[in-house]
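Student: run.txt is reproduced below (compact mmCIF, C-alpha atoms and all ligand atoms).
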# COMPACT_ATOMS: atom_id res chain seq x y z
CA MET A 173 84.02 107.04 74.32
CA VAL A 174 87.59 106.12 75.19
CA THR A 175 89.32 103.56 72.97
CA ARG A 176 91.26 101.28 75.26
CA PRO A 177 94.56 99.69 74.32
CA ALA A 178 94.53 95.93 74.90
CA ARG A 179 96.68 94.43 77.65
CA LEU A 180 100.10 93.46 76.37
CA THR A 181 100.07 95.84 73.43
CA PRO A 182 103.34 95.75 71.47
CA PRO A 183 106.08 97.85 73.08
CA VAL A 184 107.10 101.14 71.53
CA GLN A 185 110.75 100.17 71.57
CA CYS A 186 112.77 97.11 72.49
CA VAL A 187 116.52 97.77 72.80
CA PRO A 188 118.81 94.72 73.10
CA LEU A 189 121.89 95.23 75.28
CA HIS A 190 125.04 93.29 74.45
CA ASP A 191 128.55 94.33 75.44
CA PRO A 192 130.87 91.30 75.74
CA GLU A 193 133.71 93.38 77.28
CA SER A 194 131.70 94.34 80.37
CA ARG A 195 129.50 91.20 80.17
CA LEU A 196 126.40 93.39 79.86
CA GLU A 197 123.50 91.43 78.43
CA GLY A 198 119.84 92.35 78.64
CA VAL A 199 117.12 94.50 77.20
CA ILE A 200 115.44 97.87 77.68
CA VAL A 201 111.71 97.84 76.86
CA ILE A 202 109.90 101.17 76.44
CA HIS A 203 106.23 100.25 76.54
CA SER A 204 104.52 103.63 76.41
CA THR A 205 105.56 107.26 76.06
CA ALA A 206 102.05 108.70 75.85
CA LEU A 207 102.39 110.53 79.18
CA GLY A 208 106.13 111.30 79.08
CA PRO A 209 109.50 109.54 78.91
CA GLY A 210 109.35 105.82 79.69
CA ALA A 211 110.41 105.34 83.32
CA GLY A 212 111.05 102.16 85.28
CA GLY A 213 113.83 100.51 87.22
CA CYS A 214 116.67 98.27 86.17
CA ARG A 215 116.41 94.63 87.29
CA PHE A 216 119.63 92.62 87.71
CA TRP A 217 118.81 88.97 88.11
CA SER A 218 119.93 85.48 87.09
CA TYR A 219 117.85 84.50 84.07
CA PRO A 220 118.48 81.12 82.43
CA ASP A 221 118.18 82.65 78.94
CA MET A 222 117.42 85.91 77.10
CA ASP A 223 113.88 84.81 76.21
CA ARG A 224 112.97 84.65 79.87
CA ALA A 225 114.65 88.01 80.57
CA GLN A 226 112.83 89.64 77.65
CA ALA A 227 109.45 88.22 78.68
CA ASP A 228 109.96 89.64 82.17
CA ALA A 229 110.98 93.03 80.76
CA LEU A 230 107.88 93.19 78.55
CA ARG A 231 105.51 92.51 81.43
CA LEU A 232 107.35 94.80 83.83
CA ALA A 233 107.45 97.68 81.31
CA GLU A 234 103.73 97.34 80.67
CA GLY A 235 103.11 97.35 84.41
CA MET A 236 105.07 100.60 84.69
CA SER A 237 102.83 102.26 82.08
CA TYR A 238 99.78 101.39 84.18
CA LYS A 239 101.43 102.30 87.49
CA ASN A 240 102.68 105.69 86.32
CA ALA A 241 99.32 106.54 84.75
CA LEU A 242 97.31 105.57 87.85
CA ALA A 243 99.67 107.56 90.10
CA GLY A 244 99.14 110.65 87.91
CA LEU A 245 102.84 110.94 87.01
CA PRO A 246 104.06 112.64 83.81
CA LEU A 247 105.83 109.44 82.77
CA GLY A 248 105.36 106.56 80.39
CA GLY A 249 106.29 102.98 81.20
CA ALA A 250 109.60 101.19 80.63
CA LYS A 251 111.94 98.70 82.25
CA ALA A 252 115.46 97.36 81.87
CA VAL A 253 116.29 93.74 82.63
CA LEU A 254 119.96 92.72 82.85
CA ARG A 255 121.16 89.14 83.16
CA ARG A 256 123.50 88.68 86.10
CA PRO A 257 126.65 87.03 84.64
CA GLU A 258 127.85 83.74 86.09
CA GLY A 259 131.23 83.83 87.83
CA ASP A 260 133.45 86.89 88.22
CA PHE A 261 132.56 90.20 86.61
CA ASP A 262 133.33 93.88 87.15
CA ARG A 263 130.03 95.26 88.41
CA SER A 264 130.98 98.91 88.07
CA ARG A 265 132.08 98.39 84.47
CA LEU A 266 128.87 96.54 83.62
CA PHE A 267 126.64 99.30 84.97
CA GLN A 268 128.70 102.00 83.24
CA ALA A 269 128.14 100.13 79.96
CA PHE A 270 124.43 100.04 80.75
CA GLY A 271 124.59 103.80 81.43
CA ARG A 272 126.00 104.36 77.93
CA ALA A 273 123.08 102.42 76.45
CA VAL A 274 120.62 104.56 78.44
CA ALA A 275 122.42 107.72 77.23
CA GLU A 276 121.95 106.66 73.61
CA LEU A 277 118.18 106.79 74.12
CA ARG A 278 118.50 110.54 74.82
CA GLY A 279 115.90 110.72 77.58
CA ALA A 280 113.30 108.37 76.12
CA TYR A 281 114.11 106.02 79.03
CA VAL A 282 114.75 106.99 82.66
CA THR A 283 116.22 104.26 84.86
CA ALA A 284 116.45 103.65 88.63
CA GLU A 285 116.83 100.76 91.11
CA ASP A 286 114.85 97.55 90.97
CA VAL A 287 115.43 94.05 92.30
CA GLY A 288 119.17 93.36 92.43
CA THR A 289 120.40 96.93 91.90
CA THR A 290 121.69 99.50 94.38
CA VAL A 291 122.37 103.21 94.81
CA THR A 292 126.04 102.50 93.94
CA ASP A 293 124.95 100.95 90.62
CA MET A 294 122.94 104.09 89.87
CA GLN A 295 126.04 106.18 90.57
CA ASP A 296 127.97 104.10 88.02
CA ILE A 297 125.17 104.58 85.48
CA ALA A 298 125.23 108.34 86.20
CA ARG A 299 128.84 108.50 84.99
CA ALA A 300 127.44 107.99 81.47
CA THR A 301 123.95 109.57 81.54
CA ARG A 302 121.80 111.99 83.49
CA HIS A 303 118.65 109.96 82.77
CA VAL A 304 118.96 108.02 86.02
CA ALA A 305 117.36 108.46 89.45
CA GLY A 306 117.74 106.72 92.81
CA LEU A 307 121.02 108.61 93.41
CA PRO A 308 121.98 109.83 96.90
CA ALA A 309 119.58 112.58 97.94
CA ARG A 310 120.60 116.17 98.51
CA THR A 311 119.04 117.84 101.57
CA GLY A 312 115.36 118.56 101.02
CA ARG A 313 115.44 117.11 97.51
CA ALA A 314 113.89 113.83 96.46
CA GLY A 315 116.30 110.97 95.85
CA GLY A 316 118.07 107.99 97.35
CA ASP A 317 116.72 104.50 97.86
CA PRO A 318 113.01 104.62 96.96
CA SER A 319 112.13 101.47 98.98
CA PRO A 320 110.91 103.24 102.16
CA TRP A 321 108.41 105.23 100.09
CA THR A 322 107.23 102.01 98.47
CA ALA A 323 106.84 100.36 101.87
CA GLN A 324 104.86 103.35 103.16
CA GLY A 325 102.39 103.18 100.27
CA VAL A 326 101.93 99.43 100.73
CA PHE A 327 101.49 99.76 104.49
CA GLU A 328 98.91 102.55 104.26
CA SER A 329 97.03 100.75 101.50
CA MET A 330 96.96 97.56 103.56
CA HIS A 331 95.55 99.55 106.46
CA GLN A 332 92.82 100.91 104.21
CA ALA A 333 92.04 97.46 102.78
CA ALA A 334 91.80 95.91 106.27
CA GLU A 335 89.24 98.53 107.29
CA ILE A 336 87.17 98.25 104.11
CA VAL A 337 87.27 94.47 103.61
CA LEU A 338 87.45 93.17 107.18
CA GLY A 339 86.26 96.18 109.17
CA ARG A 340 89.31 95.72 111.41
CA ASP A 341 92.41 97.63 112.37
CA LEU A 342 95.69 96.34 110.93
CA GLY A 343 97.11 96.19 114.47
CA GLU A 344 94.71 93.32 115.29
CA LEU A 345 95.74 91.25 112.27
CA THR A 346 98.37 88.73 111.18
CA VAL A 347 100.29 89.53 108.00
CA ALA A 348 102.33 86.98 106.03
CA VAL A 349 105.17 88.68 104.15
CA GLN A 350 106.85 86.83 101.27
CA GLY A 351 110.30 88.31 100.66
CA VAL A 352 111.83 90.55 103.29
CA GLY A 353 114.35 92.54 101.27
CA ASN A 354 114.43 96.33 101.05
CA VAL A 355 110.66 96.84 100.86
CA GLY A 356 109.50 93.73 102.74
CA ALA A 357 111.70 94.38 105.78
CA ASP A 358 110.62 98.02 106.01
CA LEU A 359 107.00 96.94 105.69
CA CYS A 360 107.54 94.46 108.54
CA ARG A 361 108.94 97.25 110.76
CA ARG A 362 105.87 99.41 110.11
CA LEU A 363 103.52 96.49 110.71
CA ALA A 364 105.25 95.51 113.97
CA GLU A 365 105.09 99.11 115.18
CA ALA A 366 101.35 99.12 114.40
CA GLY A 367 100.92 95.97 116.51
CA ALA A 368 100.37 93.40 113.72
CA ARG A 369 101.68 89.85 114.09
CA LEU A 370 104.20 88.83 111.44
CA ILE A 371 104.88 85.64 109.51
CA VAL A 372 107.82 85.87 107.11
CA ALA A 373 109.66 83.81 104.50
CA ASP A 374 112.68 84.54 102.34
CA VAL A 375 115.14 82.49 100.32
CA ASP A 376 117.80 84.27 102.39
CA PRO A 377 117.37 82.86 105.94
CA GLN A 378 119.48 85.65 107.50
CA ARG A 379 116.86 88.22 106.56
CA CYS A 380 114.11 86.27 108.32
CA GLU A 381 116.25 85.64 111.36
CA SER A 382 116.79 89.34 112.03
CA LEU A 383 113.01 89.95 111.86
CA ARG A 384 112.41 87.05 114.23
CA VAL A 385 114.84 88.58 116.71
CA GLN A 386 113.62 92.19 116.31
CA TYR A 387 109.86 91.72 116.06
CA GLY A 388 109.14 88.14 117.10
CA ALA A 389 108.17 87.23 113.54
CA THR A 390 107.29 83.59 112.87
CA VAL A 391 109.52 82.19 110.12
CA LEU A 392 108.09 79.77 107.56
CA PRO A 393 109.76 77.84 104.72
CA VAL A 394 109.53 79.64 101.39
CA ASN A 395 107.04 77.14 99.94
CA ALA A 396 104.65 77.46 102.93
CA ILE A 397 104.15 81.24 103.12
CA VAL A 398 101.31 81.35 100.56
CA GLU A 399 99.09 79.17 102.75
CA ALA A 400 100.12 80.77 106.07
CA GLU A 401 97.24 81.28 108.53
CA ALA A 402 97.14 85.05 108.12
CA ASP A 403 94.58 87.78 107.46
CA VAL A 404 96.74 89.48 104.85
CA PHE A 405 99.25 87.97 102.40
CA ALA A 406 101.89 90.48 101.28
CA PRO A 407 103.97 89.35 98.26
CA CYS A 408 107.20 91.37 98.38
CA ALA A 409 109.55 89.11 96.39
CA LEU A 410 109.23 88.45 92.67
CA GLY A 411 106.26 88.36 90.28
CA GLY A 412 103.82 85.65 89.17
CA VAL A 413 103.03 84.48 92.71
CA LEU A 414 99.26 84.54 92.14
CA ASN A 415 98.81 81.60 89.77
CA ASP A 416 96.71 78.47 89.23
CA HIS A 417 98.79 76.59 91.75
CA SER A 418 98.73 79.19 94.55
CA ALA A 419 95.20 80.62 94.16
CA GLY A 420 93.54 77.69 95.93
CA ARG A 421 96.09 77.68 98.74
CA ILE A 422 95.94 81.29 99.90
CA ALA A 423 94.42 81.40 103.39
CA ALA A 424 94.35 85.20 103.75
CA ARG A 425 91.30 87.31 102.82
CA ILE A 426 93.44 90.15 101.48
CA VAL A 427 96.47 90.12 99.17
CA CYS A 428 98.39 93.39 99.30
CA GLY A 429 102.12 93.65 98.68
CA ALA A 430 104.92 95.40 96.85
CA ALA A 431 105.98 92.82 94.26
CA ASN A 432 105.45 93.85 90.66
CA ASN A 433 103.33 91.65 88.39
CA GLN A 434 101.86 89.44 91.10
CA LEU A 435 99.18 88.04 88.77
CA ALA A 436 100.57 85.25 86.58
CA GLN A 437 97.64 85.93 84.22
CA PRO A 438 95.20 88.90 84.40
CA GLU A 439 92.28 86.44 84.91
CA MET A 440 93.71 85.41 88.29
CA ALA A 441 92.26 88.60 89.79
CA GLU A 442 88.73 87.37 89.04
CA THR A 443 89.57 83.85 90.28
CA LEU A 444 90.62 85.34 93.61
CA ARG A 445 87.53 87.55 93.81
CA ARG A 446 85.29 84.51 93.35
CA ARG A 447 87.18 82.81 96.17
CA GLY A 448 86.37 85.77 98.45
CA ILE A 449 89.94 87.10 98.39
CA THR A 450 90.49 90.80 97.77
CA TYR A 451 93.58 91.27 95.62
CA VAL A 452 94.69 94.89 95.96
CA PRO A 453 96.38 95.69 92.60
CA ASP A 454 100.18 95.70 92.94
CA TYR A 455 100.78 98.73 90.78
CA GLY A 456 98.18 100.71 92.70
CA VAL A 457 99.89 100.20 96.07
CA ASN A 458 103.60 100.05 95.16
CA ALA A 459 103.86 103.41 93.35
CA GLY A 460 105.84 105.05 96.19
CA GLY A 461 109.18 104.13 94.61
CA ILE A 462 108.43 105.55 91.18
CA ILE A 463 106.89 108.63 92.79
CA SER A 464 110.25 109.25 94.50
CA VAL A 465 112.14 108.52 91.28
CA SER A 466 109.90 110.85 89.30
CA ALA A 467 110.33 113.71 91.79
CA GLU A 468 114.09 113.25 91.81
CA TYR A 469 114.27 113.25 88.02
CA LEU A 470 112.07 116.35 87.80
CA GLY A 471 114.06 118.14 90.55
CA GLU A 472 111.20 118.22 93.07
CA GLY A 473 111.43 118.11 96.86
CA THR A 474 110.59 115.38 99.39
CA ASP A 475 107.43 117.32 100.34
CA GLU A 476 106.07 116.57 96.86
CA VAL A 477 106.95 112.88 97.27
CA ALA A 478 105.21 112.78 100.66
CA ARG A 479 102.10 114.42 99.21
CA ARG A 480 101.85 111.95 96.33
CA VAL A 481 102.59 108.88 98.46
CA ALA A 482 99.93 109.96 100.97
CA ALA A 483 97.42 109.94 98.10
CA ILE A 484 98.02 106.23 97.33
CA ALA A 485 95.91 104.73 100.13
CA PRO A 486 92.83 106.94 99.60
CA ARG A 487 92.99 106.11 95.87
CA VAL A 488 93.21 102.41 96.70
CA GLY A 489 90.27 102.79 99.09
CA ALA A 490 88.13 104.38 96.37
CA LEU A 491 89.16 101.61 93.99
CA LEU A 492 88.14 98.88 96.43
CA GLU A 493 84.79 100.56 97.10
CA ARG A 494 84.08 100.89 93.37
CA ALA A 495 85.11 97.28 92.67
CA ALA A 496 82.82 95.99 95.44
CA HIS A 497 79.96 98.13 94.15
CA GLU A 498 80.45 96.91 90.55
CA LYS A 499 81.13 93.30 91.65
CA ARG A 500 84.41 93.29 89.72
CA SER A 501 87.96 92.67 90.77
CA PRO A 502 89.88 95.76 91.95
CA ALA A 503 92.52 94.89 89.34
CA ALA A 504 90.00 95.21 86.50
CA VAL A 505 88.86 98.59 87.83
CA ALA A 506 92.46 99.80 88.19
CA ASP A 507 93.26 98.70 84.62
CA ASP A 508 90.26 100.65 83.32
CA LEU A 509 91.32 103.79 85.15
CA ALA A 510 94.95 103.58 84.01
CA GLU A 511 94.00 102.82 80.41
CA GLU A 512 91.68 105.82 80.34
CA VAL A 513 94.51 108.08 81.52
CA ILE A 514 96.91 106.70 78.87
CA ALA A 515 94.34 106.83 76.06
CA SER A 516 93.34 110.41 76.80
CA ALA A 517 96.95 111.67 76.83
CA GLN A 518 97.60 113.91 73.88
CA ARG A 519 101.23 114.69 74.49
CA PRO A 520 103.90 112.76 72.57
CA ALA A 521 107.15 111.86 74.36
CA THR A 522 109.58 114.72 74.97
CA ALA A 523 113.08 113.41 74.52
CA ALA A 524 115.52 115.66 76.31
CA ALA A 525 119.10 115.34 75.12
P1 LIG B 601 114.89 93.08 97.20
O1 LIG B 601 115.75 92.40 96.20
O2 LIG B 601 115.53 94.00 98.19
O3 LIG B 601 114.03 92.01 98.04
C1 LIG B 601 113.44 90.89 97.48
C2 LIG B 601 113.53 89.79 98.53
O4 LIG B 601 112.78 88.67 98.09
C3 LIG B 601 114.95 89.32 98.79
O5 LIG B 601 115.20 89.30 100.18
C4 LIG B 601 114.97 87.91 98.18
O6 LIG B 601 115.85 87.04 98.87
C5 LIG B 601 113.53 87.50 98.38
N1 LIG B 601 113.06 86.42 97.52
C6 LIG B 601 113.35 86.17 96.23
N2 LIG B 601 112.68 85.09 95.79
C7 LIG B 601 111.92 84.65 96.84
C8 LIG B 601 111.01 83.60 97.04
N3 LIG B 601 110.71 82.74 96.05
N4 LIG B 601 110.41 83.47 98.24
C9 LIG B 601 110.69 84.31 99.25
N5 LIG B 601 111.57 85.33 99.13
C10 LIG B 601 112.17 85.51 97.94
O7 LIG B 601 113.78 93.84 96.34
P2 LIG B 601 112.80 94.99 96.82
O8 LIG B 601 113.36 96.29 96.38
O9 LIG B 601 112.46 94.81 98.25
O10 LIG B 601 111.53 94.72 95.92
C11 LIG B 601 110.62 93.69 96.24
C12 LIG B 601 109.51 93.64 95.19
O11 LIG B 601 108.84 94.90 95.17
C13 LIG B 601 109.99 93.40 93.75
O12 LIG B 601 109.03 92.66 93.05
C14 LIG B 601 110.08 94.80 93.18
O13 LIG B 601 109.94 94.81 91.77
C15 LIG B 601 108.88 95.44 93.86
N6 LIG B 601 108.97 96.88 93.94
C16 LIG B 601 110.03 97.47 94.59
C17 LIG B 601 110.10 98.84 94.66
C18 LIG B 601 111.19 99.52 95.44
O14 LIG B 601 111.07 100.74 95.70
N7 LIG B 601 112.24 98.84 95.85
C19 LIG B 601 109.10 99.71 94.01
C20 LIG B 601 107.99 98.97 93.43
C21 LIG B 601 107.97 97.62 93.37
Do you think you could lay out the structure here as structure tokens?
Tutor:
Amino acid sequence: MVTRPARLTPPVQCVPLHDPESRLEGVIVIHSTALGPGAGGCRFWSYPDMDRAQADALRLAEGMSYKNALAGLPLGGAKAVLRRPEGDFDRSRLFQAFGRAVAELRGAYVTAEDVGTTVTDMQDIARATRHVAGLPARTGRAGGDPSPWTAQGVFESMHQAAEIVLGRDLGELTVAVQGVGNVGADLCRRLAEAGARLIVADVDPQRCESLRVQYGATVLPVNAIVEAEADVFAPCALGGVLNDHSAGRIAARIVCGAANNQLAQPEMAETLRRRGITYVPDYGVNAGGIISVSAEYLGEGTDEVARRVAAIAPRVGALLERAAHEKRSPAAVADDLAEEVIASAQRPATAAA
């Protein structure tokens, strides 16, 4: 009998970040080190206050524990959230200060890109610590921007879900993509090449315009994308999009996208199931990025990344089949599987200096 940790268990470690000289302010949350060092990206975003930033970090770090466990990676879960300062600031200096904070954790936390951070930021972090991934790749080695790997996992999972849930090929369907940044835009390219029709929305109108020109995507206002007449809704912006307000407005039969923490509350998964909507768990489909990060950190090659990313869609397929058979939401089944992996791990964290 496996004893399962409850959702939102207290984090192992919560490290406040405060360096007035560089204007660094934020938090690193290490949620679990049962499977290895806590790994998860660094988010750089405008938060109105530290409470909001910390709440986001807690949820994101927990999500990383589940994602890494389900993907079979030798990593625990963690996340850094940095508040983007108002006005002028020296970005390079800020990320170097963050790098020093990561170094002080001596390998208990491994960072990488997330929303708002770039390869250049990772290079600044790397001036202070080696516990960073998402750096420019060397030939044949894993590395660089992980977004294309994330988009591949989401695309292939969506394909699988369309076949299982609708019995149709993705190329015959319409997909509404919310947020067309690094992952969303790459997902749109793959979908267009497969023949799918696209509906897109982004707070940055330029991003939508280029997809309209390239792929004939229909552009909707940001507040209309949830109820777009589509077969699949793909959240690829920020979290919390599946909430009491949106659940009754979603027109699509499948929700499958890259955004982390799509469910505002865990119960939303069951609400959607009862409405006949299949929510494909975010952390099950968007593991491509952390798979790339993990391989880079462990010194593995791109062939290993490709092998692990290719395993995402079949795993998602099995999850959907099991959820349908058990009449439960796929999210509940995924949580069970991830929690079993975490609970059965014997190994304590190995903190490399
Ligand atoms: P990004 O920052 O490149 O793109 C996000 C896009 O969403 C931007 O274009 C932004 O303007 C847009 N956006 C923000 N708020 C919006 C709103 N309310 N409505 C519509 N659009 C909005 O970030 P990226 O890397 O593409 O990540 C997207 C999501 O996927 C995030 O939730 C991230 O945590 C998640 N993710 C990303 C991974 C990666 O490899 N980049 C890996 C796993 C998850």
Student: In terms of the shortest atom-to-atom distance over all atoms listed in the file, which of A:Pro220, A:Leu196, A:Gly212, A:Glu493 is closest to Arg263 in chain A?
Tutor: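 Checking each of A:Pro220, A:Leu196, A:Gly212, A:Glu493 against Arg263 in chain A, counting all atoms listed in the file, the winner is A:Leu196.
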Student: With distances taken over all atoms listed in the file, which of A:Ala430, A:Val385, A:Leu363, A:Val274 is nearest to Val413 in chain A?
Tutor: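 Residue with the minimum atom-to-atom distance to Val413 in chain A: A:Ala430.
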Student: Within 6 Å of ligand LIG 601 (chain B) (counting only C-alpha atoms and all ligand atoms), which residues show up? I'd like them as a PDB file with C-alpha atoms, in the coordinates of the input.
Tutor:
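Below you can see selection02.pdb, which holds the result:
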ATOM      1  CA  ASP A 286     114.850  97.550  90.970  1.00  0.00           C
ATOM      2  CA  VAL A 287     115.430  94.050  92.300  1.00  0.00           C
ATOM      3  CA  GLY A 288     119.170  93.360  92.430  1.00  0.00           C
ATOM      4  CA  PRO A 318     113.010 104.620  96.960  1.00  0.00           C
ATOM      5  CA  SER A 319     112.130 101.470  98.980  1.00  0.00           C
ATOM      6  CA  THR A 322     107.230 102.010  98.470  1.00  0.00           C
ATOM      7  CA  GLN A 350     106.850  86.830 101.270  1.00  0.00           C
ATOM      8  CA  GLY A 351     110.300  88.310 100.660  1.00  0.00           C
ATOM      9  CA  VAL A 352     111.830  90.550 103.290  1.00  0.00           C
ATOM     10  CA  GLY A 353     114.350  92.540 101.270  1.00  0.00           C
ATOM     11  CA  ASN A 354     114.430  96.330 101.050  1.00  0.00           C
ATOM     12  CA  VAL A 355     110.660  96.840 100.860  1.00  0.00           C
ATOM     13  CA  GLY A 356     109.500  93.730 102.740  1.00  0.00           C
ATOM     14  CA  ALA A 373     109.660  83.810 104.500  1.00  0.00           C
ATOM     15  CA  ASP A 374     112.680  84.540 102.340  1.00  0.00           C
ATOM     16  CA  VAL A 375     115.140  82.490 100.320  1.00  0.00           C
ATOM     17  CA  ASP A 376     117.800  84.270 102.390  1.00  0.00           C
ATOM     18  CA  VAL A 394     109.530  79.640 101.390  1.00  0.00           C
ATOM     19  CA  CYS A 408     107.200  91.370  98.380  1.00  0.00           C
ATOM     20  CA  ALA A 409     109.550  89.110  96.390  1.00  0.00           C
ATOM     21  CA  LEU A 410     109.230  88.450  92.670  1.00  0.00           C
ATOM     22  CA  GLY A 411     106.260  88.360  90.280  1.00  0.00           C
ATOM     23  CA  ALA A 430     104.920  95.400  96.850  1.00  0.00           C
ATOM     24  CA  ALA A 431     105.980  92.820  94.260  1.00  0.00           C
ATOM     25  CA  ASN A 432     105.450  93.850  90.660  1.00  0.00           C
ATOM     26  CA  ASN A 458     103.600 100.050  95.160  1.00  0.00           C
ATOM     27  CA  GLY A 461     109.180 104.130  94.610  1.00  0.00           C
TER      28      GLY A 461
END
Student: Determine the nearest neighbour of Val282 in chain A from the options A:Arg425, A:His303, A:Arg447, A:Arg480, counting all atoms listed in the file.
Tutor: A:His303
Student: What does the distance between CA of Gly312 in chain A and CA of Val481 in chain A come to in Å, to one decimal place?
Tutor: 16.2 Å
Student: Could I get range 415-422 of chain A from the block written as a CSV table (one decimal), in the first residue's frame, with all heavy atoms?
Tutor:
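File produced: result_36.csv:
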chain,number,residue,atom,x,y,z
A,415,ASN,N,-11.2,27.6,-14.8
A,415,ASN,CA,-11.7,28.0,-13.5
A,415,ASN,C,-13.3,28.0,-13.6
A,415,ASN,O,-13.9,27.7,-14.7
A,415,ASN,CB,-11.2,29.4,-13.2
A,415,ASN,CG,-11.3,30.4,-14.3
A,415,ASN,OD1,-12.4,30.4,-15.0
A,415,ASN,ND2,-10.3,31.2,-14.6
A,416,ASP,N,-13.9,28.4,-12.5
A,416,ASP,CA,-15.4,28.4,-12.4
A,416,ASP,C,-15.9,29.3,-13.6
A,416,ASP,O,-17.0,29.0,-14.1
A,416,ASP,CB,-15.8,29.0,-11.1
A,416,ASP,CG,-15.6,28.0,-10.0
A,416,ASP,OD1,-15.7,26.8,-10.3
A,416,ASP,OD2,-15.4,28.4,-8.8
A,417,HIS,N,-15.3,30.4,-13.9
A,417,HIS,CA,-15.8,31.3,-14.9
A,417,HIS,C,-15.7,30.7,-16.3
A,417,HIS,O,-16.6,30.8,-17.1
A,417,HIS,CB,-15.0,32.6,-14.8
A,417,HIS,CG,-15.4,33.6,-15.8
A,417,HIS,ND1,-16.7,34.1,-15.8
A,417,HIS,CD2,-14.7,34.2,-16.8
A,417,HIS,CE1,-16.8,35.0,-16.8
A,417,HIS,NE2,-15.6,35.1,-17.4
A,418,SER,N,-14.5,30.0,-16.6
A,418,SER,CA,-14.3,29.6,-18.0
A,418,SER,C,-14.9,28.2,-18.3
A,418,SER,O,-15.3,27.9,-19.4
A,418,SER,CB,-12.8,29.5,-18.3
A,418,SER,OG,-12.2,28.5,-17.5
A,419,ALA,N,-15.1,27.4,-17.2
A,419,ALA,CA,-15.5,26.0,-17.5
A,419,ALA,C,-16.8,25.8,-18.3
A,419,ALA,O,-16.9,25.0,-19.1
A,419,ALA,CB,-15.6,25.2,-16.1
A,420,GLY,N,-17.7,26.7,-18.0
A,420,GLY,CA,-19.0,26.6,-18.7
A,420,GLY,C,-18.9,27.3,-20.1
A,420,GLY,O,-19.9,27.2,-20.8
A,421,ARG,N,-17.8,27.9,-20.4
A,421,ARG,CA,-17.8,28.6,-21.7
A,421,ARG,C,-16.9,27.9,-22.7
A,421,ARG,O,-16.9,28.2,-23.9
A,421,ARG,CB,-17.1,30.0,-21.5
A,421,ARG,CG,-18.0,30.9,-20.6
A,421,ARG,CD,-17.2,32.1,-20.1
A,421,ARG,NE,-16.6,32.9,-21.2
A,421,ARG,CZ,-15.4,33.4,-21.2
A,421,ARG,NH1,-14.6,33.3,-20.1
A,421,ARG,NH2,-14.9,34.1,-22.2
A,422,ILE,N,-16.2,26.8,-22.3
A,422,ILE,CA,-15.3,26.1,-23.3
A,422,ILE,C,-16.2,25.4,-24.3
A,422,ILE,O,-17.0,24.5,-23.9
A,422,ILE,CB,-14.4,25.2,-22.5
A,422,ILE,CG1,-13.4,26.0,-21.6
A,422,ILE,CG2,-13.5,24.3,-23.5
A,422,ILE,CD1,-12.6,25.2,-20.7
